[in-house]
>>> print(open('run-v1.cif').read())   # mmCIF, C-alpha atoms and all ligand atoms
data_work
loop_
_atom_site.group_PDB
_atom_site.id
_atom_site.type_symbol
_atom_site.label_atom_id
_atom_site.label_comp_id
_atom_site.auth_asym_id
_atom_site.auth_seq_id
_atom_site.Cartn_x
_atom_site.Cartn_y
_atom_site.Cartn_z
ATOM 1 C CA MET A 1 82.285 99.738 96.481
ATOM 2 C CA THR A 2 84.209 96.710 95.180
ATOM 3 C CA ASP A 3 87.953 97.171 94.723
ATOM 4 C CA THR A 4 88.143 95.050 91.550
ATOM 5 C CA MET A 5 87.925 96.455 88.018
ATOM 6 C CA PRO A 6 84.383 96.242 86.593
ATOM 7 C CA SER A 7 84.571 93.412 84.020
ATOM 8 C CA ASP A 8 83.402 95.525 81.052
ATOM 9 C CA LEU A 9 86.074 98.146 81.739
ATOM 10 C CA LEU A 10 88.714 95.465 82.204
ATOM 11 C CA GLU A 11 87.868 94.280 78.673
ATOM 12 C CA HIS A 12 88.361 97.825 77.364
ATOM 13 C CA ALA A 13 91.725 98.066 79.149
ATOM 14 C CA ARG A 14 92.775 94.708 77.686
ATOM 15 C CA ASP A 15 91.787 95.837 74.184
ATOM 16 C CA ALA A 16 93.680 99.149 74.318
ATOM 17 C CA LYS A 17 97.189 99.382 72.878
ATOM 18 C CA GLY A 18 99.731 100.146 75.555
ATOM 19 C CA PHE A 19 102.197 99.163 78.197
ATOM 20 C CA MET A 20 100.284 98.298 81.359
ATOM 21 C CA PRO A 21 100.258 94.632 82.452
ATOM 22 C CA GLU A 22 96.989 93.537 84.021
ATOM 23 C CA ASP A 23 98.339 92.909 87.538
ATOM 24 C CA GLU A 24 99.944 96.359 87.621
ATOM 25 C CA GLY A 25 96.754 97.892 86.203
ATOM 26 C CA ALA A 26 94.782 96.252 89.023
ATOM 27 C CA LEU A 27 97.071 97.915 91.593
ATOM 28 C CA LEU A 28 96.741 101.266 89.842
ATOM 29 C CA HIS A 29 92.950 100.904 89.919
ATOM 30 C CA ARG A 30 92.939 99.978 93.610
ATOM 31 C CA ILE A 31 95.124 102.881 94.751
ATOM 32 C CA ALA A 32 93.057 105.280 92.628
ATOM 33 C CA LEU A 33 89.875 104.044 94.323
ATOM 34 C CA GLU A 34 91.491 104.774 97.665
ATOM 35 C CA ARG A 35 92.804 108.237 96.797
ATOM 36 C CA LEU A 36 90.307 109.819 94.361
ATOM 37 C CA PRO A 37 87.794 110.752 97.094
ATOM 38 C CA HIS A 38 90.512 113.180 98.322
ATOM 39 C CA GLY A 39 91.152 115.038 95.044
ATOM 40 C CA PRO A 40 92.193 114.662 91.422
ATOM 41 C CA ALA A 41 94.796 112.245 90.103
ATOM 42 C CA LEU A 42 97.271 112.980 87.331
ATOM 43 C CA GLU A 43 99.076 110.654 84.968
ATOM 44 C CA VAL A 44 102.185 111.616 82.988
ATOM 45 C CA GLY A 45 102.271 109.422 79.849
ATOM 46 C CA THR A 46 98.835 108.785 78.344
ATOM 47 C CA TYR A 47 99.821 106.901 75.147
ATOM 48 C CA CYS A 48 96.552 105.256 73.978
ATOM 49 C CA GLY A 49 94.814 105.329 77.363
ATOM 50 C CA LYS A 50 95.399 101.789 78.629
ATOM 51 C CA SER A 51 96.461 102.866 82.125
ATOM 52 C CA GLY A 52 93.940 105.708 81.836
ATOM 53 C CA ILE A 53 91.135 103.149 81.671
ATOM 54 C CA TYR A 54 92.253 101.567 84.986
ATOM 55 C CA LEU A 55 92.415 105.019 86.581
ATOM 56 C CA GLY A 56 89.203 106.217 84.933
ATOM 57 C CA ALA A 57 87.310 103.113 86.067
ATOM 58 C CA ALA A 58 88.191 104.028 89.650
ATOM 59 C CA ALA A 59 87.071 107.626 89.054
ATOM 60 C CA GLN A 60 83.726 106.409 87.729
ATOM 61 C CA GLN A 61 83.224 104.149 90.771
ATOM 62 C CA VAL A 62 84.219 106.912 93.216
ATOM 63 C CA THR A 63 81.808 109.297 91.492
ATOM 64 C CA ALA A 64 78.957 106.797 91.842
ATOM 65 C CA ALA A 65 79.773 106.263 95.526
ATOM 66 C CA THR A 66 80.286 109.893 96.570
ATOM 67 C CA GLY A 67 78.102 111.885 94.163
ATOM 68 C CA THR A 68 81.075 114.154 93.343
ATOM 69 C CA THR A 69 82.732 113.806 89.929
ATOM 70 C CA ALA A 70 86.199 112.294 90.348
ATOM 71 C CA VAL A 71 88.743 113.042 87.630
ATOM 72 C CA VAL A 72 92.088 111.904 86.319
ATOM 73 C CA PHE A 73 94.166 114.347 84.250
ATOM 74 C CA THR A 74 96.507 112.691 81.785
ATOM 75 C CA VAL A 75 99.406 114.557 80.182
ATOM 76 C CA ASP A 76 101.092 113.617 76.885
ATOM 77 C CA HIS A 77 102.296 115.422 73.763
ATOM 78 C CA HIS A 78 101.113 112.290 71.921
ATOM 79 C CA ARG A 79 104.256 112.241 69.770
ATOM 80 C CA GLY A 80 105.686 109.175 71.487
ATOM 81 C CA SER A 81 108.795 108.628 73.567
ATOM 82 C CA GLU A 82 112.196 107.854 72.085
ATOM 83 C CA GLU A 83 111.495 104.111 72.197
ATOM 84 C CA ASN A 84 108.197 104.599 70.281
ATOM 85 C CA GLN A 85 109.830 106.190 67.235
ATOM 86 C CA ALA A 86 110.326 104.366 63.927
ATOM 87 C CA GLY A 87 113.135 101.815 64.127
ATOM 88 C CA TRP A 88 112.850 101.421 67.923
ATOM 89 C CA GLU A 89 111.548 98.463 69.905
ATOM 90 C CA HIS A 90 108.141 99.887 70.834
ATOM 91 C CA HIS A 91 107.227 101.514 67.507
ATOM 92 C CA ASP A 92 103.670 100.994 66.218
ATOM 93 C CA ALA A 93 103.233 102.239 62.642
ATOM 94 C CA SER A 94 99.437 102.298 63.028
ATOM 95 C CA VAL A 95 99.718 105.393 65.262
ATOM 96 C CA VAL A 96 101.701 107.557 62.854
ATOM 97 C CA ASP A 97 100.014 110.629 61.326
ATOM 98 C CA PRO A 98 100.285 109.977 57.565
ATOM 99 C CA GLU A 99 100.506 113.661 56.649
ATOM 100 C CA LEU A 100 103.046 114.722 59.255
ATOM 101 C CA GLY A 101 104.921 111.442 59.490
ATOM 102 C CA LEU A 102 104.893 111.879 63.284
ATOM 103 C CA MET A 103 103.408 109.656 65.945
ATOM 104 C CA ASP A 104 99.938 110.719 67.031
ATOM 105 C CA THR A 105 98.278 108.628 69.731
ATOM 106 C CA LEU A 106 95.618 111.215 70.607
ATOM 107 C CA GLY A 107 92.910 109.828 68.293
ATOM 108 C CA GLU A 108 93.411 106.267 69.504
ATOM 109 C CA PHE A 109 93.311 107.528 73.120
ATOM 110 C CA ARG A 110 90.044 109.398 72.500
ATOM 111 C CA ARG A 111 88.415 106.371 70.869
ATOM 112 C CA ASN A 112 89.485 104.074 73.722
ATOM 113 C CA ILE A 113 88.188 106.417 76.427
ATOM 114 C CA ALA A 114 84.937 107.046 74.543
ATOM 115 C CA ARG A 115 84.350 103.312 73.963
ATOM 116 C CA ALA A 116 84.909 102.729 77.693
ATOM 117 C CA GLY A 117 82.411 105.506 78.556
ATOM 118 C CA LEU A 118 85.019 107.352 80.629
ATOM 119 C CA GLU A 119 85.086 110.753 78.903
ATOM 120 C CA ASP A 120 83.716 112.517 82.004
ATOM 121 C CA HIS A 121 86.523 111.117 84.129
ATOM 122 C CA VAL A 122 89.733 110.965 82.059
ATOM 123 C CA ILE A 123 90.758 114.433 80.909
ATOM 124 C CA ALA A 124 93.532 114.781 78.344
ATOM 125 C CA ILE A 125 96.104 117.551 78.560
ATOM 126 C CA VAL A 126 98.042 117.630 75.287
ATOM 127 C CA GLY A 127 101.519 119.090 75.638
ATOM 128 C CA GLN A 128 105.048 118.761 76.928
ATOM 129 C CA SER A 129 105.101 117.499 80.490
ATOM 130 C CA THR A 130 107.544 120.264 81.520
ATOM 131 C CA SER A 131 105.315 123.031 80.092
ATOM 132 C CA VAL A 132 102.191 121.716 81.813
ATOM 133 C CA ALA A 133 104.023 121.126 85.096
ATOM 134 C CA ALA A 134 105.392 124.685 85.085
ATOM 135 C CA HIS A 135 101.811 126.015 85.338
ATOM 136 C CA TRP A 136 100.324 123.307 87.558
ATOM 137 C CA ARG A 137 99.151 124.405 91.044
ATOM 138 C CA THR A 138 96.657 121.743 92.145
ATOM 139 C CA PRO A 139 97.344 119.230 94.942
ATOM 140 C CA LEU A 140 97.191 115.653 93.693
ATOM 141 C CA SER A 141 95.738 112.702 95.550
ATOM 142 C CA LEU A 142 97.658 110.392 93.193
ATOM 143 C CA LEU A 143 100.447 111.029 90.688
ATOM 144 C CA PHE A 144 101.340 108.280 88.229
ATOM 145 C CA ILE A 145 104.578 108.851 86.318
ATOM 146 C CA ASP A 146 104.886 106.830 83.095
ATOM 147 C CA GLY A 147 106.212 109.409 80.612
ATOM 148 C CA GLY A 148 109.541 109.553 78.812
ATOM 149 C CA HIS A 149 111.951 106.940 80.123
ATOM 150 C CA GLY A 150 115.179 108.720 79.104
ATOM 151 C CA GLU A 151 117.340 110.540 81.652
ATOM 152 C CA GLN A 152 116.142 114.089 80.993
ATOM 153 C CA PRO A 153 112.391 113.312 80.877
ATOM 154 C CA ALA A 154 112.650 111.250 84.088
ATOM 155 C CA ARG A 155 114.561 114.052 85.835
ATOM 156 C CA ASP A 156 112.042 116.635 84.564
ATOM 157 C CA ASP A 157 108.996 114.611 85.599
ATOM 158 C CA PHE A 158 110.327 114.182 89.125
ATOM 159 C CA ALA A 159 111.255 117.864 89.414
ATOM 160 C CA GLY A 160 108.038 119.133 87.835
ATOM 161 C CA TRP A 161 105.405 116.916 89.378
ATOM 162 C CA ALA A 162 106.361 114.973 92.519
ATOM 163 C CA HIS A 163 105.966 117.916 94.918
ATOM 164 C CA TRP A 164 102.290 118.268 93.912
ATOM 165 C CA VAL A 165 101.419 115.011 95.689
ATOM 166 C CA ASP A 166 99.409 115.961 98.745
ATOM 167 C CA ALA A 167 100.007 114.695 102.283
ATOM 168 C CA GLY A 168 98.932 111.053 102.387
ATOM 169 C CA GLY A 169 98.755 110.929 98.583
ATOM 170 C CA TYR A 170 100.481 108.394 96.385
ATOM 171 C CA LEU A 171 103.299 108.679 93.885
ATOM 172 C CA ALA A 172 103.164 105.653 91.552
ATOM 173 C CA ILE A 173 106.107 105.081 89.225
ATOM 174 C CA HIS A 174 106.150 102.685 86.292
ATOM 175 C CA ASP A 175 109.104 100.691 84.910
ATOM 176 C CA VAL A 176 111.163 100.780 88.091
ATOM 177 C CA PHE A 177 113.917 98.194 87.674
ATOM 178 C CA PRO A 178 116.380 97.932 90.590
ATOM 179 C CA ASP A 179 118.270 95.254 88.620
ATOM 180 C CA PRO A 180 119.717 96.742 85.401
ATOM 181 C CA ALA A 181 119.280 93.334 83.742
ATOM 182 C CA ASP A 182 115.497 93.878 83.854
ATOM 183 C CA GLY A 183 115.247 97.263 82.123
ATOM 184 C CA GLY A 184 116.265 100.911 81.786
ATOM 185 C CA ARG A 185 117.623 102.912 84.717
ATOM 186 C CA PRO A 186 116.043 106.409 84.646
ATOM 187 C CA PRO A 187 112.701 105.692 86.391
ATOM 188 C CA TYR A 188 114.599 103.866 89.158
ATOM 189 C CA GLU A 189 117.590 106.181 89.508
ATOM 190 C CA LEU A 190 116.004 109.542 88.712
ATOM 191 C CA ILE A 191 112.451 109.226 90.099
ATOM 192 C CA TYR A 192 112.147 106.347 92.590
ATOM 193 C CA LEU A 193 115.462 106.800 94.453
ATOM 194 C CA PRO A 194 115.255 110.621 94.643
ATOM 195 C CA ALA A 195 111.656 110.387 95.926
ATOM 196 C CA LEU A 196 112.775 108.119 98.773
ATOM 197 C CA ALA A 197 115.933 110.185 99.392
ATOM 198 C CA SER A 198 113.812 113.342 99.761
ATOM 199 C CA GLY A 199 112.400 111.880 102.964
ATOM 200 C CA ALA A 200 108.910 112.922 101.845
ATOM 201 C CA PHE A 201 107.849 109.482 100.547
ATOM 202 C CA THR A 202 107.672 105.953 101.933
ATOM 203 C CA GLU A 203 107.200 102.855 99.781
ATOM 204 C CA VAL A 204 103.882 101.131 100.436
ATOM 205 C CA GLU A 205 103.261 98.704 97.554
ATOM 206 C CA ALA A 206 104.941 97.075 94.567
ATOM 207 C CA VAL A 207 103.721 94.820 91.751
ATOM 208 C CA GLY A 208 105.957 94.020 88.786
ATOM 209 C CA SER A 209 107.736 97.238 87.836
ATOM 210 C CA LEU A 210 105.098 99.455 89.468
ATOM 211 C CA ARG A 211 106.115 101.075 92.757
ATOM 212 C CA VAL A 212 103.749 103.010 95.007
ATOM 213 C CA LEU A 213 105.124 105.565 97.471
ATOM 214 C CA GLN A 214 103.049 107.540 99.938
ATOM 215 C CA ARG A 215 103.721 111.149 100.878
ATOM 216 C CA THR A 216 104.489 110.846 104.565
ATOM 217 C CA SER A 217 105.949 114.297 105.165
ATOM 218 C CA GLY A 218 105.154 117.763 103.842
ATOM 219 C CA ALA A 219 102.179 118.782 101.726
ATOM 220 C CA ALA A 220 101.419 119.614 98.096
ATOM 221 C CA GLY A 221 103.589 122.440 96.772
ATOM 222 C CA ASP A 222 106.269 122.124 99.475
ATOM 223 C CA PRO A 223 109.623 121.692 97.747
ATOM 224 C CA LEU A 224 111.237 118.270 97.974
ATOM 225 C CA ALA A 225 114.779 118.039 99.322
HETATM 226 C C1 LIG A 301 105.305 104.419 78.231
HETATM 227 S S1 LIG A 301 104.206 105.445 77.331
HETATM 228 C C2 LIG A 301 102.817 105.547 78.426
HETATM 229 C C3 LIG A 301 102.065 104.231 78.490
HETATM 230 C C4 LIG A 301 100.698 104.331 79.093
HETATM 231 N N1 LIG A 301 100.705 104.819 80.454
HETATM 232 C C5 LIG A 301 100.000 102.974 78.989
HETATM 233 O O1 LIG A 301 99.429 102.500 79.967
HETATM 234 O O2 LIG A 301 100.015 102.354 77.937
HETATM 235 C C6 LIG A 301 104.974 107.019 77.523
HETATM 236 C C7 LIG A 301 104.220 108.193 76.935
HETATM 237 O O3 LIG A 301 104.859 109.379 77.408
HETATM 238 C C8 LIG A 301 104.795 110.371 76.415
HETATM 239 N N2 LIG A 301 105.878 111.324 76.653
HETATM 240 C C9 LIG A 301 107.209 111.080 76.627
HETATM 241 N N3 LIG A 301 107.906 112.195 76.919
HETATM 242 C C10 LIG A 301 106.980 113.179 77.130
HETATM 243 C C11 LIG A 301 107.070 114.562 77.463
HETATM 244 N N4 LIG A 301 108.248 115.147 77.648
HETATM 245 N N5 LIG A 301 105.933 115.265 77.589
HETATM 246 C C12 LIG A 301 104.728 114.678 77.400
HETATM 247 N N6 LIG A 301 104.574 113.348 77.094
HETATM 248 C C13 LIG A 301 105.685 112.614 76.956
HETATM 249 C C14 LIG A 301 104.938 109.612 75.102
HETATM 250 O O4 LIG A 301 104.362 110.359 74.039
HETATM 251 C C15 LIG A 301 104.221 108.283 75.411
HETATM 252 O O5 LIG A 301 102.902 108.283 74.926
#
>>> encode(input="run-v1.cif", output="structure tokens", more="lines below")
Ligand SMILES: C[S@@+](CC[C@H](N)C(=O)[O-])C[C@H]1O[C@@H](n2cnc3c(N)ncnc32)[C@H](O)[C@@H]1O
Amino acid sequence: MTDTMPSDLLEHARDAKGFMPEDEGALLHRIALERLPHGPALEVGTYCGKSGIYLGAAAQQVTAATGTTAVVFTVDHHRGSEENQAGWEHHDASVVDPELGLMDTLGEFRRNIARAGLEDHVIAIVGQSTSVAAHWRTPLSLLFIDGGHGEQPARDDFAGWAHWVDAGGYLAIHDVFPDPADGGRPPYELIYLPALASGAFTEVEAVGSLRVLQRTSGAAGDPLA
């Protein structure tokens, strides 16, 4: 099994709206290939499915290699983060529901995943991250956190999801900026640093603002310090 993105799926990832640079997407794809044979992955922050295509491509390849369907769950309320709302830097008026006047990225996500042929592998969960996390009980081979980048959502995503990473599994965090000049603080201060401080995770890889930590102590469901 090659560890590069199949070229047709790379084209789909390139075409999708979103916030995943290609070099970081390649790392996401590679770690998903490594981990998906051990269990499902989960992404917090679907948006239009750009990162989902990198993860889903790995799930499709793992399925072909093992004969067992590999899956990636992806959680989003599809109403956008603070920075996606009208008047903010990352607003895209083409993903606003004209009747409700609210962001709705679910349709665009579904089209992107269908066009890429990944509907069997990328499974949408539509809802608040905190509500889904409160009922989640499944060990994760890989958790990718790329949801709300404000203080409360970052705190909630760490508290709700990080302990579900299984022993040896990966916690990948997007938009980690140790230097405040490069970007917002919450993913760095409220997810990345607490994960390391818990003693349960060790950093193993980094590309751009994507950091990959491995669970090196405890197992899924054990509380983090
Ligand atoms: C940075 S975007 C995700 C980008 C995506 N991973 C990509 O590759 O393009 C963050 C997403 O998180 C979602 N989000 C923010 N806060 C959330 C929450 N509390 N619950 C569920 N989804 C949330 C937003 O709706 C938005 O689509």
>>> closest_atom_pairs(input="run-v1.cif", of="chain A", to="ligand LIG 301 (chain A)", cutoff="7 Å", atoms="only C-alpha atoms and all ligand atoms", output="Markdown table")
| residue | atom | partner | partner_atom | distance |
| --- | --- | --- | --- | --- |
| A:Lys17 | CA | A:LIG301 | O2 | 6.5 |
| A:Gly18 | CA | A:LIG301 | O2 | 3.3 |
| A:Phe19 | CA | A:LIG301 | O2 | 3.9 |
| A:Met20 | CA | A:LIG301 | O1 | 4.5 |
| A:Val44 | CA | A:LIG301 | O3 | 6.6 |
| A:Gly45 | CA | A:LIG301 | O3 | 3.6 |
| A:Thr46 | CA | A:LIG301 | N1 | 4.9 |
| A:Tyr47 | CA | A:LIG301 | O5 | 3.4 |
| A:Cys48 | CA | A:LIG301 | O2 | 6.0 |
| A:Gly49 | CA | A:LIG301 | C5 | 5.9 |
| A:Lys50 | CA | A:LIG301 | O1 | 4.3 |
| A:Ser51 | CA | A:LIG301 | O1 | 3.7 |
| A:Gly52 | CA | A:LIG301 | O1 | 6.6 |
| A:Val75 | CA | A:LIG301 | C12 | 6.0 |
| A:Asp76 | CA | A:LIG301 | N6 | 3.5 |
| A:His77 | CA | A:LIG301 | C12 | 4.4 |
| A:His78 | CA | A:LIG301 | O4 | 4.3 |
| A:Arg79 | CA | A:LIG301 | O4 | 4.7 |
| A:Gly80 | CA | A:LIG301 | O4 | 3.1 |
| A:Ser81 | CA | A:LIG301 | C9 | 4.2 |
| A:Thr105 | CA | A:LIG301 | O5 | 7.0 |
| A:Gly127 | CA | A:LIG301 | C12 | 5.7 |
| A:Gln128 | CA | A:LIG301 | N5 | 3.7 |
| A:Ser129 | CA | A:LIG301 | N5 | 3.8 |
| A:Thr130 | CA | A:LIG301 | N4 | 6.5 |
| A:Asp146 | CA | A:LIG301 | C2 | 5.3 |
| A:Gly147 | CA | A:LIG301 | O3 | 3.5 |
| A:Gly148 | CA | A:LIG301 | C9 | 3.5 |
| A:Pro153 | CA | A:LIG301 | N4 | 5.6 |
>>> resolve_selection(input="run-v1.cif", expression="the PyMOL selection byres (((chain A and resi 199-207) around 12) and not hetatm)", output="number ranges by chain")
A: 20-28, 30-31, 162-177, 191-198, 208-220, 222-225
>>> write_last_selection(input="run-v1.cif", atoms="C-alpha atoms", output="compact mmCIF listing (two decimals), keeping the file's coordinate frame")
# COMPACT_ATOMS: atom_id res chain seq x y z
CA MET A 20 100.28 98.30 81.36
CA PRO A 21 100.26 94.63 82.45
CA GLU A 22 96.99 93.54 84.02
CA ASP A 23 98.34 92.91 87.54
CA GLU A 24 99.94 96.36 87.62
CA GLY A 25 96.75 97.89 86.20
CA ALA A 26 94.78 96.25 89.02
CA LEU A 27 97.07 97.92 91.59
CA LEU A 28 96.74 101.27 89.84
CA ARG A 30 92.94 99.98 93.61
CA ILE A 31 95.12 102.88 94.75
CA ALA A 162 106.36 114.97 92.52
CA HIS A 163 105.97 117.92 94.92
CA TRP A 164 102.29 118.27 93.91
CA VAL A 165 101.42 115.01 95.69
CA ASP A 166 99.41 115.96 98.74
CA ALA A 167 100.01 114.70 102.28
CA GLY A 168 98.93 111.05 102.39
CA GLY A 169 98.76 110.93 98.58
CA TYR A 170 100.48 108.39 96.38
CA LEU A 171 103.30 108.68 93.88
CA ALA A 172 103.16 105.65 91.55
CA ILE A 173 106.11 105.08 89.22
CA HIS A 174 106.15 102.68 86.29
CA ASP A 175 109.10 100.69 84.91
CA VAL A 176 111.16 100.78 88.09
CA PHE A 177 113.92 98.19 87.67
CA ILE A 191 112.45 109.23 90.10
CA TYR A 192 112.15 106.35 92.59
CA LEU A 193 115.46 106.80 94.45
CA PRO A 194 115.26 110.62 94.64
CA ALA A 195 111.66 110.39 95.93
CA LEU A 196 112.78 108.12 98.77
CA ALA A 197 115.93 110.18 99.39
CA SER A 198 113.81 113.34 99.76
CA GLY A 208 105.96 94.02 88.79
CA SER A 209 107.74 97.24 87.84
CA LEU A 210 105.10 99.46 89.47
CA ARG A 211 106.12 101.08 92.76
CA VAL A 212 103.75 103.01 95.01
CA LEU A 213 105.12 105.56 97.47
CA GLN A 214 103.05 107.54 99.94
CA ARG A 215 103.72 111.15 100.88
CA THR A 216 104.49 110.85 104.56
CA SER A 217 105.95 114.30 105.16
CA GLY A 218 105.15 117.76 103.84
CA ALA A 219 102.18 118.78 101.73
CA ALA A 220 101.42 119.61 98.10
CA ASP A 222 106.27 122.12 99.48
CA PRO A 223 109.62 121.69 97.75
CA LEU A 224 111.24 118.27 97.97
CA ALA A 225 114.78 118.04 99.32
>>> atom_distance(input="run-v1.cif", atom1="atom CA of Thr69 of chain A", atom2="atom CA of His121 of chain A")
7.4 Å
>>> atom_distance(input="run-v1.cif", atom1="atom CA of Pro178 of chain A", atom2="atom CA of Phe158 of chain A")
17.4 Å
>>> atom_distance(input="run-v1.cif", atom1="atom CA of Leu143 of chain A", atom2="atom CA of Gly221 of chain A")
13.3 Å
>>> resolve_selection(input="run-v1.cif", expression="the PyMOL selection byres (((chain A and resi 119) around 12) and not hetatm)", output="VMD selection string")
chain A and resid 49 52 to 53 56 to 57 59 to 60 69 to 74 109 to 118 120 to 124
>>> closest_residue(input="run-v1.cif", among="A:Val95, A:Ala16, A:Leu36, A:Leu42", to="Thr68 of chain A", atoms="all atoms listed in the file")
A:Leu36
>>> axis_aligned_box(input="run-v1.cif", around="segment 92-108 of chain A", padding_each_side="4 Å", output="JSON")
{"center_x": 98.9, "center_y": 107.9, "center_z": 63.6, "size_x": 20.0, "size_y": 21.7, "size_z": 22.0}
>>> closest_residue(input="run-v1.cif", among="A:Asp104, A:Ala13, A:Val62, A:Glu151", to="Asp92 of chain A", atoms="only C-alpha atoms")
A:Asp104
>>> build_atoms(input="run-v1.cif", residues="segment 43-50 of chain A", atoms="all heavy atoms", output="short mmCIF file (atom, residue, chain, number, x, y, z; two decimals), in the frame of the given file")
data_model
loop_
_atom_site.label_atom_id
_atom_site.label_comp_id
_atom_site.auth_asym_id
_atom_site.auth_seq_id
_atom_site.Cartn_x
_atom_site.Cartn_y
_atom_site.Cartn_z
N GLU A 43 98.16 111.61 85.60
CA GLU A 43 99.08 110.65 84.97
C GLU A 43 99.98 111.41 84.00
O GLU A 43 99.50 112.24 83.23
CB GLU A 43 98.25 109.62 84.19
CG GLU A 43 99.04 108.75 83.23
CD GLU A 43 98.15 107.77 82.47
OE1 GLU A 43 97.33 108.22 81.64
OE2 GLU A 43 98.28 106.58 82.71
N VAL A 44 101.28 111.10 84.01
CA VAL A 44 102.18 111.62 82.99
C VAL A 44 102.48 110.43 82.06
O VAL A 44 103.05 109.42 82.51
CB VAL A 44 103.50 112.15 83.59
CG1 VAL A 44 104.38 112.74 82.49
CG2 VAL A 44 103.22 113.18 84.67
N GLY A 45 102.06 110.53 80.79
CA GLY A 45 102.27 109.42 79.85
C GLY A 45 100.98 108.70 79.55
O GLY A 45 100.68 107.63 80.09
N THR A 46 100.17 109.31 78.67
CA THR A 46 98.84 108.78 78.34
C THR A 46 98.91 107.62 77.37
O THR A 46 98.16 106.65 77.50
CB THR A 46 98.01 109.90 77.65
OG1 THR A 46 98.14 111.12 78.36
CG2 THR A 46 96.57 109.52 77.48
N TYR A 47 99.74 107.79 76.31
CA TYR A 47 99.82 106.90 75.15
C TYR A 47 98.39 106.70 74.61
O TYR A 47 97.75 107.68 74.25
CB TYR A 47 100.54 105.59 75.50
CG TYR A 47 100.99 104.83 74.28
CD1 TYR A 47 101.85 105.39 73.33
CD2 TYR A 47 100.54 103.53 74.05
CE1 TYR A 47 102.25 104.68 72.20
CE2 TYR A 47 100.94 102.81 72.93
CZ TYR A 47 101.80 103.39 72.00
OH TYR A 47 102.18 102.68 70.89
N CYS A 48 97.89 105.47 74.55
CA CYS A 48 96.55 105.26 73.98
C CYS A 48 95.49 105.06 75.05
O CYS A 48 94.36 104.65 74.75
CB CYS A 48 96.58 104.07 73.03
SG CYS A 48 97.70 104.32 71.63
N GLY A 49 95.84 105.33 76.31
CA GLY A 49 94.81 105.33 77.36
C GLY A 49 94.64 104.03 78.11
O GLY A 49 93.68 103.88 78.87
N LYS A 50 95.57 103.08 77.93
CA LYS A 50 95.40 101.79 78.63
C LYS A 50 95.40 101.99 80.15
O LYS A 50 94.43 101.62 80.83
CB LYS A 50 96.52 100.83 78.21
CG LYS A 50 96.27 99.38 78.56
CD LYS A 50 97.44 98.54 78.07
CE LYS A 50 97.18 97.05 78.14
NZ LYS A 50 96.26 96.56 77.12
#
